[in-house]
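Coordinates as given in work_2.tsv (TSV, C-alpha atoms):
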```
chain	number	residue	atom	x	y	z
M	12	MET	CA	46.08	-187.71	1.80
M	13	ARG	CA	48.41	-185.12	0.35
M	14	ASP	CA	47.47	-182.69	-2.36
M	15	ASP	CA	48.66	-183.01	-5.96
M	16	THR	CA	52.29	-182.51	-4.94
M	17	HIS	CA	52.45	-185.89	-3.16
M	18	ILE	CA	55.21	-188.28	-4.19
M	19	GLY	CA	52.93	-190.33	-6.48
M	20	SER	CA	52.16	-187.38	-8.76
M	21	ARG	CA	55.80	-186.41	-9.05
M	22	LEU	CA	56.80	-190.03	-9.61
M	23	ARG	CA	54.26	-190.46	-12.41
M	24	ASP	CA	55.21	-187.19	-14.13
M	25	ILE	CA	58.95	-187.87	-14.07
M	26	ARG	CA	58.50	-191.51	-15.14
M	27	LYS	CA	56.51	-190.39	-18.19
M	28	ARG	CA	59.12	-187.74	-19.04
M	29	ARG	CA	61.73	-190.50	-19.00
M	30	GLY	CA	59.61	-192.65	-21.31
M	31	LEU	CA	59.37	-195.54	-18.84
M	32	THR	CA	56.44	-197.79	-18.10
M	33	GLN	CA	55.71	-198.67	-14.48
M	34	ARG	CA	57.08	-202.17	-15.12
M	35	GLU	CA	60.29	-200.80	-16.62
M	36	LEU	CA	60.75	-198.50	-13.63
M	37	ALA	CA	60.19	-201.44	-11.29
M	38	THR	CA	62.88	-203.43	-13.09
M	39	ALA	CA	65.33	-200.53	-13.12
M	40	SER	CA	64.82	-199.55	-9.48
M	41	GLY	CA	64.23	-202.89	-7.79
M	42	VAL	CA	61.01	-201.47	-6.30
M	43	SER	CA	57.97	-203.70	-6.68
M	44	LEU	CA	55.52	-202.92	-9.47
M	45	SER	CA	52.62	-203.05	-7.00
M	46	LEU	CA	54.21	-200.41	-4.77
M	47	ILE	CA	54.85	-198.11	-7.73
M	48	ARG	CA	51.23	-198.48	-8.79
M	49	LYS	CA	49.95	-197.75	-5.29
M	50	LEU	CA	52.10	-194.63	-5.04
M	51	GLU	CA	51.05	-193.28	-8.45
M	52	GLN	CA	47.38	-194.02	-7.76
M	53	ALA	CA	47.63	-192.24	-4.37
M	54	GLU	CA	46.68	-195.40	-2.48
M	55	LEU	CA	49.85	-194.62	-0.54
M	56	SER	CA	50.96	-191.03	0.05
M	57	ASP	CA	54.32	-191.83	1.62
M	58	THR	CA	57.15	-194.33	1.40
M	59	ARG	CA	60.50	-195.10	2.96
M	60	MET	CA	63.50	-192.89	2.26
M	61	GLU	CA	65.29	-196.01	0.97
M	62	THR	CA	62.54	-196.67	-1.59
M	63	ALA	CA	62.41	-193.05	-2.70
M	64	ARG	CA	66.18	-193.08	-3.22
M	65	ARG	CA	65.98	-196.18	-5.41
M	66	LEU	CA	63.23	-194.70	-7.53
M	67	ALA	CA	65.06	-191.40	-7.87
M	68	GLU	CA	68.29	-193.14	-8.84
M	69	ALA	CA	66.50	-195.11	-11.59
M	70	LEU	CA	64.88	-191.90	-12.84
M	71	ARG	CA	68.20	-190.00	-12.69
M	72	VAL	CA	66.90	-187.29	-10.38
M	73	HIS	CA	67.77	-186.24	-6.86
M	74	THR	CA	65.72	-187.88	-4.14
M	75	SER	CA	64.54	-184.47	-2.95
M	76	THR	CA	62.79	-184.08	-6.31
M	77	LEU	CA	60.47	-186.90	-5.26
M	78	LEU	CA	60.37	-186.62	-1.52
M	79	GLU	CA	59.03	-183.95	0.79
M	80	ARG	CA	59.45	-185.88	4.03
M	81	ASP	CA	60.06	-189.48	5.06
M	82	ASP	CA	57.10	-189.65	7.44
M	83	GLN	CA	54.22	-187.57	8.71
M	84	GLU	CA	53.94	-185.96	12.11
M	85	PRO	CA	51.87	-188.17	14.41
M	86	GLU	CA	48.44	-186.82	15.18
M	87	GLY	CA	45.76	-187.47	17.78
M	88	ASP	CA	46.61	-189.89	20.57
M	89	ALA	CA	50.13	-190.53	19.21
M	90	ALA	CA	51.01	-186.84	19.56
M	91	GLU	CA	49.32	-186.29	22.91
M	92	PRO	CA	52.29	-187.20	25.19
M	93	TRP	CA	54.35	-184.44	23.55
M	94	ARG	CA	51.78	-181.62	23.76
M	95	PRO	CA	53.23	-180.15	26.98
M	96	LEU	CA	56.72	-180.03	25.48
M	97	GLN	CA	55.41	-178.52	22.26
M	98	HIS	CA	53.58	-175.85	24.27
M	99	ALA	CA	56.65	-175.11	26.41
M	100	VAL	CA	58.70	-174.54	23.26
M	101	GLN	CA	56.16	-172.63	21.20
M	102	ALA	CA	54.18	-170.51	23.69
M	103	ALA	CA	55.31	-167.95	26.25
M	104	ALA	CA	54.34	-168.98	29.77
M	105	ASP	CA	52.61	-166.79	32.33
M	106	ARG	CA	54.77	-166.57	35.43
M	107	THR	CA	53.81	-166.08	39.04
M	108	GLY	CA	55.72	-166.57	42.25
M	109	GLU	CA	59.46	-166.41	42.92
M	110	PRO	CA	61.56	-165.67	39.81
M	111	PRO	CA	63.98	-168.40	38.73
M	112	THR	CA	67.75	-167.98	38.69
M	113	VAL	CA	70.38	-169.11	36.21
M	114	ALA	CA	72.13	-171.08	38.94
M	115	GLY	CA	68.90	-172.83	39.87
M	116	VAL	CA	68.12	-173.84	36.29
M	117	ARG	CA	71.70	-174.90	35.60
M	118	GLN	CA	71.67	-177.08	38.70
M	119	LEU	CA	69.03	-179.30	37.07
M	120	LEU	CA	70.82	-179.55	33.72
M	121	PRO	CA	72.80	-182.73	34.62
M	122	GLU	CA	69.55	-184.51	35.45
M	123	VAL	CA	68.09	-183.47	32.09
M	124	ARG	CA	71.17	-184.72	30.26
M	125	ARG	CA	71.10	-188.01	32.17
M	126	ALA	CA	67.50	-188.67	31.11
M	127	TYR	CA	68.31	-187.61	27.53
M	128	PHE	CA	71.30	-189.90	27.19
M	129	ALA	CA	69.40	-192.78	28.78
M	130	ASN	CA	66.59	-192.26	26.22
M	131	HIS	CA	64.01	-191.90	29.00
M	132	LEU	CA	61.84	-189.63	26.91
M	133	ALA	CA	58.80	-189.49	29.17
M	134	GLU	CA	60.93	-188.61	32.21
M	135	LEU	CA	62.87	-186.12	30.12
M	136	THR	CA	59.70	-184.36	29.00
M	137	GLY	CA	58.57	-184.06	32.60
M	138	LEU	CA	61.87	-182.36	33.44
M	139	LEU	CA	62.06	-180.13	30.39
M	140	VAL	CA	58.59	-178.59	30.46
M	141	PRO	CA	58.89	-176.64	33.75
M	142	LEU	CA	62.60	-176.01	33.22
M	143	LEU	CA	62.04	-174.41	29.81
M	144	ARG	CA	59.46	-172.10	31.35
M	145	ASP	CA	61.94	-171.11	34.02
M	146	ALA	CA	64.66	-170.61	31.40
M	147	ASP	CA	62.38	-168.29	29.43
M	148	ALA	CA	62.20	-165.98	32.44
M	149	LEU	CA	65.97	-165.69	32.93
M	150	GLY	CA	66.54	-162.66	30.72
M	151	ASP	CA	69.23	-162.15	28.09
M	152	SER	CA	72.52	-162.37	29.94
M	153	THR	CA	75.19	-164.58	28.35
M	154	GLU	CA	74.73	-167.15	31.13
M	155	ALA	CA	70.95	-167.20	30.66
M	156	ARG	CA	71.22	-167.57	26.90
M	157	ASP	CA	73.75	-170.37	27.31
M	158	VAL	CA	71.58	-172.58	29.55
M	159	ARG	CA	68.40	-171.79	27.61
M	160	SER	CA	70.08	-172.64	24.30
M	161	HIS	CA	71.24	-175.98	25.66
M	162	LEU	CA	67.78	-176.91	26.94
M	163	LEU	CA	66.13	-175.87	23.68
M	164	GLN	CA	68.56	-177.98	21.64
M	165	ILE	CA	67.72	-181.02	23.77
M	166	ALA	CA	64.01	-180.27	23.34
M	167	GLY	CA	64.50	-179.95	19.57
M	168	SER	CA	66.27	-183.30	19.44
M	169	VAL	CA	63.51	-185.02	21.44
M	170	LEU	CA	60.76	-183.49	19.31
M	171	THR	CA	62.57	-184.63	16.16
M	172	GLN	CA	62.80	-188.19	17.50
M	173	VAL	CA	59.06	-188.30	18.13
M	174	ARG	CA	58.30	-186.62	14.78
M	175	GLN	CA	56.87	-183.37	16.12
M	176	TYR	CA	58.69	-181.47	13.42
M	177	GLU	CA	57.11	-178.03	13.60
M	178	ALA	CA	57.80	-177.75	17.32
M	179	ALA	CA	61.31	-179.17	16.81
M	180	GLU	CA	62.07	-176.45	14.27
M	181	THR	CA	60.82	-173.78	16.66
M	182	ALA	CA	63.01	-175.14	19.45
M	183	LEU	CA	66.12	-175.27	17.26
M	184	CYS	CA	65.49	-171.79	15.81
M	185	ARG	CA	65.24	-170.40	19.32
M	186	ALA	CA	68.28	-172.37	20.45
M	187	LEU	CA	70.36	-170.98	17.60
M	188	ASP	CA	69.21	-167.43	18.36
M	189	ASP	CA	70.31	-167.84	21.99
M	190	ALA	CA	73.57	-169.69	21.27
M	191	PRO	CA	76.32	-167.63	22.91
M	192	GLU	CA	79.22	-169.01	20.87
M	193	ARG	CA	80.08	-170.73	17.60
M	194	LEU	CA	80.57	-174.31	18.80
M	195	ARG	CA	77.17	-174.41	20.48
M	196	ALA	CA	75.65	-173.00	17.28
M	197	ALA	CA	77.40	-175.69	15.21
M	198	GLY	CA	75.96	-178.41	17.42
M	199	ILE	CA	72.46	-176.97	17.00
M	200	ILE	CA	72.91	-176.86	13.23
M	201	THR	CA	73.94	-180.54	13.29
M	202	THR	CA	70.64	-181.37	15.01
M	203	TRP	CA	68.72	-179.13	12.60
M	204	SER	CA	70.32	-180.82	9.60
M	205	TRP	CA	69.16	-184.18	10.97
M	206	LEU	CA	65.62	-182.77	11.40
M	207	LEU	CA	65.61	-181.72	7.74
M	208	VAL	CA	66.66	-185.21	6.64
M	209	ARG	CA	63.85	-186.70	8.72
M	210	GLN	CA	61.44	-184.37	6.92
M	211	GLY	CA	62.82	-185.35	3.52
M	212	ASN	CA	64.17	-181.83	2.93
M	213	LEU	CA	67.46	-183.20	1.65
M	214	ALA	CA	68.61	-180.20	-0.36
M	215	ALA	CA	68.03	-177.86	2.59
M	216	SER	CA	69.85	-180.24	4.94
M	217	ARG	CA	72.81	-180.54	2.60
M	218	GLU	CA	73.09	-176.80	2.05
M	219	LEU	CA	72.78	-175.97	5.75
M	220	ALA	CA	75.38	-178.50	6.91
M	221	THR	CA	77.80	-177.68	4.09
M	222	ARG	CA	77.61	-173.93	4.67
M	223	TRP	CA	78.24	-174.30	8.38
M	224	ALA	CA	81.02	-176.82	7.87
M	225	ASP	CA	82.76	-174.29	5.65
M	226	ASP	CA	82.20	-171.55	8.22
M	227	VAL	CA	83.53	-173.46	11.24
M	228	GLU	CA	86.41	-175.27	9.52
M	229	PRO	CA	89.30	-174.71	11.94
M	230	ARG	CA	92.98	-174.24	11.30
M	231	VAL	CA	93.92	-177.87	11.85
M	232	SER	CA	97.31	-177.20	13.42
M	233	ARG	CA	95.63	-175.18	16.18
M	234	ALA	CA	92.24	-176.87	16.42
M	235	THR	CA	90.93	-178.02	19.79
M	236	PRO	CA	89.21	-181.43	20.06
M	237	GLU	CA	85.84	-179.68	20.41
M	238	GLU	CA	86.43	-177.67	17.23
M	239	LEU	CA	87.30	-180.85	15.35
M	240	ALA	CA	84.20	-182.58	16.72
M	241	ALA	CA	81.91	-179.72	15.66
M	242	TRP	CA	83.41	-179.62	12.18
M	243	GLY	CA	83.38	-183.41	11.83
M	244	TRP	CA	79.71	-183.75	12.75
M	245	LEU	CA	78.69	-181.13	10.21
M	246	LEU	CA	80.65	-183.01	7.55
M	247	THR	CA	78.92	-186.31	8.38
M	248	GLN	CA	75.51	-184.62	8.21
M	249	ALA	CA	76.38	-183.09	4.84
M	250	SER	CA	77.49	-186.52	3.63
M	251	ALA	CA	74.29	-188.19	4.84
M	252	ALA	CA	72.09	-185.65	3.06
M	253	ASN	CA	74.17	-185.84	-0.13
M	254	LEU	CA	74.01	-189.63	-0.20
M	255	ARG	CA	70.25	-189.78	0.25
M	256	ASP	CA	69.88	-187.17	-2.48
M	257	ASN	CA	71.83	-189.32	-4.97
M	258	ARG	CA	74.88	-187.04	-4.87
M	259	LYS	CA	77.26	-189.93	-4.35
M	260	GLY	CA	80.43	-188.11	-5.32
M	261	GLU	CA	79.82	-185.22	-2.93
M	262	ALA	CA	78.79	-187.70	-0.24
M	263	ALA	CA	82.00	-189.68	-0.64
M	264	ASP	CA	84.14	-186.53	-0.56
M	265	THR	CA	82.58	-185.19	2.64
M	266	MET	CA	82.73	-188.61	4.33
M	267	ARG	CA	86.43	-188.95	3.49
M	268	LEU	CA	87.04	-185.54	5.02
M	269	ALA	CA	85.06	-186.50	8.13
M	270	GLN	CA	87.12	-189.68	8.43
M	271	SER	CA	90.29	-187.58	8.17
M	272	VAL	CA	89.03	-185.36	10.98
M	273	ALA	CA	88.44	-188.43	13.15
M	274	VAL	CA	91.98	-189.65	12.42
M	275	MET	CA	93.35	-186.23	13.40
M	276	LEU	CA	91.52	-186.53	16.70
M	277	GLY	CA	92.79	-190.06	17.23
M	278	ARG	CA	90.29	-191.00	19.94
M	279	GLU	CA	86.59	-191.11	20.68
M	280	LEU	CA	85.38	-188.03	22.52
M	281	PRO	CA	82.64	-188.84	25.04
M	282	ARG	CA	79.67	-186.54	25.38
M	283	GLY	CA	80.99	-183.36	26.90
M	284	SER	CA	79.35	-180.99	29.31
M	285	GLU	CA	77.89	-179.16	26.30
M	286	ARG	CA	77.97	-181.56	23.33
M	287	LEU	CA	75.05	-183.98	22.96
M	288	THR	CA	76.92	-186.62	20.97
M	289	THR	CA	80.10	-188.65	20.92
M	290	TRP	CA	82.62	-187.96	18.19
M	291	GLY	CA	85.65	-189.82	16.88
M	292	PRO	CA	86.66	-192.90	14.87
M	293	THR	CA	83.89	-195.09	16.28
M	294	THR	CA	81.12	-192.60	15.53
M	295	VAL	CA	82.45	-192.10	12.01
M	296	ARG	CA	82.58	-195.87	11.52
M	297	TYR	CA	78.89	-196.06	12.43
M	298	LYS	CA	78.14	-193.38	9.82
M	299	ALA	CA	80.27	-195.12	7.21
M	300	ALA	CA	78.33	-198.34	7.83
M	301	GLU	CA	75.08	-196.42	7.36
M	302	ARG	CA	76.29	-195.42	3.91
M	303	HIS	CA	76.46	-199.07	2.89
M	304	ILE	CA	72.81	-199.56	3.87
M	305	VAL	CA	71.80	-196.71	1.58
M	306	LEU	CA	74.00	-198.14	-1.20
M	307	ASP	CA	72.52	-201.66	-0.85
M	308	GLU	CA	75.77	-203.20	0.39
M	309	PRO	CA	74.65	-205.14	3.50
M	310	ASP	CA	77.64	-207.47	3.52
M	311	LYS	CA	79.93	-204.47	4.09
M	312	VAL	CA	77.80	-203.34	7.04
M	313	LEU	CA	78.13	-206.74	8.71
M	314	CYS	CA	81.85	-206.88	7.99
M	315	MET	CA	82.34	-203.49	9.64
M	316	ALA	CA	80.27	-204.56	12.66
M	317	ARG	CA	82.32	-207.69	13.42
M	318	GLY	CA	85.10	-207.90	15.95
M	319	ARG	CA	84.84	-204.40	17.37
M	320	GLY	CA	84.40	-205.40	21.00
M	321	SER	CA	82.17	-203.56	23.44
M	322	GLN	CA	81.26	-199.94	22.78
M	323	VAL	CA	79.66	-197.34	24.98
M	324	ALA	CA	75.90	-197.32	24.42
M	325	SER	CA	74.65	-194.13	22.79
M	326	THR	CA	72.02	-193.06	20.30
M	327	GLU	CA	74.61	-193.48	17.54
M	328	TYR	CA	75.39	-196.97	18.86
M	329	HIS	CA	71.71	-197.99	18.87
M	330	ARG	CA	71.13	-196.51	15.42
M	331	HIS	CA	74.13	-198.46	14.12
M	332	HIS	CA	72.61	-201.67	15.45
M	333	LEU	CA	69.40	-200.94	13.57
M	334	ASP	CA	71.59	-200.70	10.46
M	335	VAL	CA	73.06	-204.09	11.36
M	336	ALA	CA	69.56	-205.55	11.76
M	337	ARG	CA	68.57	-204.05	8.41
M	338	ALA	CA	71.65	-205.59	6.77
M	339	HIS	CA	70.61	-209.01	8.10
M	340	THR	CA	67.10	-208.63	6.64
M	341	MET	CA	68.55	-207.55	3.29
M	342	LEU	CA	70.48	-210.85	3.29
M	343	ARG	CA	67.39	-212.75	4.49
M	344	GLN	CA	69.05	-213.54	7.81
M	345	TYR	CA	65.86	-212.94	9.75
M	346	GLY	CA	66.81	-214.74	12.95
M	347	GLU	CA	69.96	-212.66	13.27
M	348	ALA	CA	67.97	-209.48	12.65
M	349	ILE	CA	65.58	-210.35	15.48
M	350	GLU	CA	68.51	-210.99	17.84
M	351	VAL	CA	69.91	-207.53	17.12
M	352	LEU	CA	66.52	-205.84	17.56
M	353	ALA	CA	65.99	-207.68	20.83
M	354	ASP	CA	69.34	-206.40	22.12
M	355	VAL	CA	68.40	-202.82	21.23
M	356	HIS	CA	65.03	-203.27	22.90
M	357	SER	CA	66.76	-204.52	26.04
M	358	ASP	CA	69.19	-201.57	26.11
M	359	ALA	CA	66.90	-198.73	24.99
M	360	PRO	CA	63.21	-199.78	25.01
M	361	GLU	CA	61.73	-196.29	25.05
M	362	TRP	CA	64.02	-195.06	22.27
M	363	LEU	CA	63.14	-198.07	20.10
M	364	THR	CA	59.42	-197.36	20.46
M	365	HIS	CA	59.80	-194.14	18.44
M	366	GLN	CA	61.97	-195.54	15.63
M	367	ARG	CA	60.04	-195.95	12.39
M	368	TYR	CA	63.19	-197.58	11.00
M	369	ALA	CA	62.87	-200.40	13.55
M	370	ARG	CA	59.20	-200.81	12.68
M	371	ASP	CA	60.05	-201.13	8.98
M	372	ILE	CA	62.79	-203.69	9.66
M	373	LEU	CA	60.54	-205.81	11.84
M	374	GLY	CA	57.72	-205.49	9.31
M	375	ASP	CA	59.98	-207.03	6.65
M	376	VAL	CA	60.69	-209.99	8.95
M	377	VAL	CA	57.05	-210.52	9.92
M	378	GLN	CA	55.91	-210.51	6.28
M	379	ARG	CA	58.19	-213.45	5.58
M	380	ARG	CA	57.21	-215.57	8.57
M	381	ARG	CA	54.22	-217.91	8.71
M	382	THR	CA	54.23	-217.80	12.52
M	383	LEU	CA	55.79	-215.44	15.02
M	384	THR	CA	57.89	-216.36	18.02
M	385	PRO	CA	57.05	-214.81	21.40
M	386	GLU	CA	60.11	-212.57	21.01
M	387	MET	CA	58.84	-211.31	17.66
M	388	ARG	CA	55.43	-210.57	19.11
M	389	THR	CA	57.02	-208.65	21.97
M	390	LEU	CA	59.08	-206.58	19.54
M	391	ALA	CA	56.05	-205.97	17.32
M	392	ASP	CA	54.16	-204.54	20.30
M	393	ALA	CA	57.19	-202.50	21.36
M	394	VAL	CA	57.61	-200.72	18.03
M	395	GLY	CA	53.87	-200.38	17.32
M	396	LEU	CA	53.83	-202.62	14.25
M	397	PRO	CA	50.29	-202.50	12.78
M	398	MET	CA	48.21	-205.66	13.23
```
Can the structure from this file be put into structure tokens for me?
Amino acid sequence: MRDDTHIGSRLRDIRKRRGLTQRELATASGVSLSLIRKLEQAELSDTRMETARRLAEALRVHTSTLLERDDQEPEGDAAEPWRPLQHAVQAAADRTGEPPTVAGVRQLLPEVRRAYFANHLAELTGLLVPLLRDADALGDSTEARDVRSHLLQIAGSVLTQVRQYEAAETALCRALDDAPERLRAAGIITTWSWLLVRQGNLAASRELATRWADDVEPRVSRATPEELAAWGWLLTQASAANLRDNRKGEAADTMRLAQSVAVMLGRELPRGSERLTTWGPTTVRYKAAERHIVLDEPDKVLCMARGRGSQVASTEYHRHHLDVARAHTMLRQYGEAIEVLADVHSDAPEWLTHQRYARDILGDVVQRRRTLTPEMRTLADAVGLPM
């Protein structure tokens, strides 16, 4: 349990300052009275970002006023698979034997990226741990810093996905320190901004992404596609943090600018040799759909998802499909939600295992079913839904 700064204490104090009873807050926010009571009585010390946003909106405060983080770091057995990667990021390794070379480390980078993009996290960890130790021994040449920065950013992204936040922050801090040029640094900041959102540090995420977006804004008439992609991603991250922090006007402004950047580009950039994400109109459409989930507009999410044809599978693609599944549950279309979750499980089973969002969506479906189909039981096991 958290100390007296947990969300329940803040919720109770602000509710009283607003002169609202628990029942009145439940009516205004659409959050159940029982959940509000459990939070204020510290029976629960955490809640979904979506719930925190609704409560904050009803109380007329920013979500970050209520929320420290959207979930805790796993401990014990759940954290054990990631201990070697944490150690490789956080502790200097003793080295014996033949010294590594930049060329030798770089030669393995395509294999690391392949495992990363395929969401094979266990395989990826097995590759990253020894490679990070080799990269640490490469010295401080520009070439050494470049390959080490890239590996550390990937490690930071993986550790964020599996909610090992302290190690993720260390990896990204080191990656930024080693980044040899501005575009690599901007990509690292995009990942760091996402980490801060996952932690519930919305104000810090917003400020970081906004500051860097201002710093890297290119002269549009001369901008390269990679410069536009770096700028555009920072804008979408700033928009996401603003929206979750109930700064709807700022969120809308930054999203419109990001959409303009995607129009300037005119095509979807695949993952490059350096960049870890796609960028372009499709990626921005996924992020625009995500906005409608936060704003309780599920019909708009489903409308945006229809008739788009096949898209290249990516983390953004899978995340978008979780938004589609969530939209179905919001409309009580539970069968359709299960179909979408099953498709994601088929395409990216290991990635889905670590998505609390998927667990929450499936939990909503299970609560409303008297019996579960075999497919539902399979999904429940896959995402670790509590019995």
Contacts of Thr153 of chain M at 9 Å or less, counting all atoms listed in the file, minus same-chain residues fewer than 5 places along, as a PDB file with C-alpha atoms, in the coordinates of the input?
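Dumped to around_36.pdb:
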```pdb
ATOM      1  CA  VAL M 158      71.580-172.580  29.550  1.00  0.00           C
ATOM      2  CA  ASP M 189      70.310-167.840  21.990  1.00  0.00           C
ATOM      3  CA  ALA M 190      73.570-169.690  21.270  1.00  0.00           C
ATOM      4  CA  PRO M 191      76.320-167.630  22.910  1.00  0.00           C
TER       5      PRO M 191
END
```
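In terms of minimum interatomic distance to Ala126 of chain M, M:Leu139 ranks closest within M:Ser20, M:Gln366, M:Arg144, M:Leu139, counting only C-alpha atoms.
We find atom CA of Thr294 of chain M and atom CA of Leu138 of chain M to be spaced 28.2 Å apart.
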With all atoms listed in the file as the counted atoms, please give the residues lying no more than 9 Å from segment 357-364 of chain M, apart from itself and same-chain residues fewer than 3 positions off, as a PyMOL selection string. chain M and resi 129-133+172+324+326+329+352-354+367+369-370+392-395
Name the residues in contact with Ile165 of chain M at a cut-off of 10 Å, using all atoms listed in the file, excluding same-chain residues fewer than 5 positions from it; report them as a list in words. Val123, Arg124, Tyr127, Leu135, Leu139, Ser160, Leu170, Thr171, Ala179, Ala182, Leu183, Ala186, Ile199, Thr202 and Leu287 of chain M
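Summary of the local environment: counting all atoms listed in the file, residues at most 12 Å from Arg222 of chain M, other than itself and those fewer than 2 positions away along its chain, are M:Ala197, M:Ile200, M:Thr201, M:Ser204, M:Ala215, M:Ser216, M:Arg217, M:Glu218, M:Leu219, M:Ala220, M:Ala224, M:Asp225, M:Asp226, M:Val227, M:Glu228, M:Trp242, M:Leu245, M:Leu246, M:Gln248, M:Ala249.
If you look at atom CA of Arg381 of chain M and atom CA of Ala348 of chain M, they are 16.6 Å away from each other.
You will find atom CA of His73 of chain M at 27.8 Å from atom CA of Val272 of chain M.
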Pull the neighbourhood of (71.3, -184.7, -7.0) for me: all residues within 9 Å in file coordinates, counting all atoms listed in the file, as a PyMOL selection string. chain M and resi 71-76+214+253-259
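Restricting the calculation to only C-alpha atoms, the smallest distance between Ala273 of chain M and any of M:Arg296, M:His332, M:Arg343, M:His161 is found for M:Arg296.
For the choices M:Arg64, M:His98, M:Arg379, M:Lys311, the atom-to-atom distance to Gln344 of chain M is smallest for M:Arg379 when using all atoms listed in the file.
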Segment 355-368 of chain M: axis-aligned bounding box, 8 Å on each side, centre and edge lengths in Å, one decimal, as lines of an AutoDock Vina configuration file:
```
center_x = 64.3
center_y = -199.3
center_z = 18.6
size_x = 25.8
size_y = 26.4
size_z = 31.1
```
From the list M:Leu22, M:Ala102, M:Thr136, M:Leu96, the nearest residue to Thr62 of chain M using all atoms listed in the file is M:Leu22
In terms of the shortest atom-to-atom distance over only C-alpha atoms, which of M:Ala196, M:Ala63, M:Leu70, M:Val312 is closest to Arg28 of chain M? M:Leu70
If you count all atoms listed in the file, which residues fall within 9 Å of Val295 of chain M, apart from same-chain ones fewer than 3 positions away, as a list in words? Gly243, Trp244, Thr247, Met266, Ala269, Gln270, Ala273, Trp290, Gly291, Pro292, Lys298, Ala299 and Ala300 of chain M
Top pick for closest residue to Met60 of chain M, considering M:Thr382, M:Gln33, M:Asn212, M:Ser232 and counting all atoms listed in the file: M:Asn212
Kindly complete segment 135-150 of chain M to N, CA and C atoms; the output should be written as a PDB file, in the frame of the given file.
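Output file result_19.pdb is given in full below:
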```
ATOM      1  N   LEU M 135      62.215-187.316  30.628  1.00  0.00           N
ATOM      2  CA  LEU M 135      62.870-186.120  30.120  1.00  0.00           C
ATOM      3  C   LEU M 135      61.862-185.007  29.844  1.00  0.00           C
ATOM      4  N   THR M 136      60.724-185.362  29.268  1.00  0.00           N
ATOM      5  CA  THR M 136      59.700-184.360  29.000  1.00  0.00           C
ATOM      6  C   THR M 136      59.199-183.732  30.288  1.00  0.00           C
ATOM      7  N   GLY M 137      59.012-184.579  31.312  1.00  0.00           N
ATOM      8  CA  GLY M 137      58.570-184.060  32.600  1.00  0.00           C
ATOM      9  C   GLY M 137      59.556-183.082  33.215  1.00  0.00           C
ATOM     10  N   LEU M 138      60.850-183.275  32.949  1.00  0.00           N
ATOM     11  CA  LEU M 138      61.870-182.360  33.440  1.00  0.00           C
ATOM     12  C   LEU M 138      61.938-181.085  32.597  1.00  0.00           C
ATOM     13  N   LEU M 139      61.845-181.257  31.285  1.00  0.00           N
ATOM     14  CA  LEU M 139      62.060-180.130  30.390  1.00  0.00           C
ATOM     15  C   LEU M 139      60.944-179.091  30.453  1.00  0.00           C
ATOM     16  N   VAL M 140      59.711-179.530  30.560  1.00  0.00           N
ATOM     17  CA  VAL M 140      58.590-178.590  30.460  1.00  0.00           C
ATOM     18  C   VAL M 140      58.686-177.461  31.495  1.00  0.00           C
ATOM     19  N   PRO M 141      58.786-177.754  32.792  1.00  0.00           N
ATOM     20  CA  PRO M 141      58.890-176.640  33.750  1.00  0.00           C
ATOM     21  C   PRO M 141      60.223-175.900  33.646  1.00  0.00           C
ATOM     22  N   LEU M 142      61.285-176.645  33.282  1.00  0.00           N
ATOM     23  CA  LEU M 142      62.600-176.010  33.220  1.00  0.00           C
ATOM     24  C   LEU M 142      62.682-175.028  32.056  1.00  0.00           C
ATOM     25  N   LEU M 143      62.064-175.353  30.932  1.00  0.00           N
ATOM     26  CA  LEU M 143      62.040-174.410  29.810  1.00  0.00           C
ATOM     27  C   LEU M 143      61.276-173.144  30.170  1.00  0.00           C
ATOM     28  N   ARG M 144      60.207-173.283  30.931  1.00  0.00           N
ATOM     29  CA  ARG M 144      59.460-172.100  31.350  1.00  0.00           C
ATOM     30  C   ARG M 144      60.295-171.229  32.278  1.00  0.00           C
ATOM     31  N   ASP M 145      61.034-171.880  33.164  1.00  0.00           N
ATOM     32  CA  ASP M 145      61.940-171.110  34.020  1.00  0.00           C
ATOM     33  C   ASP M 145      63.026-170.433  33.192  1.00  0.00           C
ATOM     34  N   ALA M 146      63.575-171.157  32.226  1.00  0.00           N
ATOM     35  CA  ALA M 146      64.660-170.610  31.400  1.00  0.00           C
ATOM     36  C   ALA M 146      64.183-169.409  30.603  1.00  0.00           C
ATOM     37  N   ASP M 147      62.920-169.423  30.176  1.00  0.00           N
ATOM     38  CA  ASP M 147      62.380-168.290  29.430  1.00  0.00           C
ATOM     39  C   ASP M 147      62.354-167.010  30.253  1.00  0.00           C
ATOM     40  N   ALA M 148      62.320-167.155  31.555  1.00  0.00           N
ATOM     41  CA  ALA M 148      62.200-165.980  32.440  1.00  0.00           C
ATOM     42  C   ALA M 148      63.551-165.479  32.925  1.00  0.00           C
ATOM     43  N   LEU M 149      64.643-166.017  32.398  1.00  0.00           N
ATOM     44  CA  LEU M 149      65.970-165.690  32.930  1.00  0.00           C
ATOM     45  C   LEU M 149      66.558-164.406  32.358  1.00  0.00           C
ATOM     46  N   GLY M 150      65.960-163.866  31.304  1.00  0.00           N
ATOM     47  CA  GLY M 150      66.540-162.660  30.720  1.00  0.00           C
ATOM     48  C   GLY M 150      67.521-162.991  29.615  1.00  0.00           C
TER      49      GLY M 150
END
```
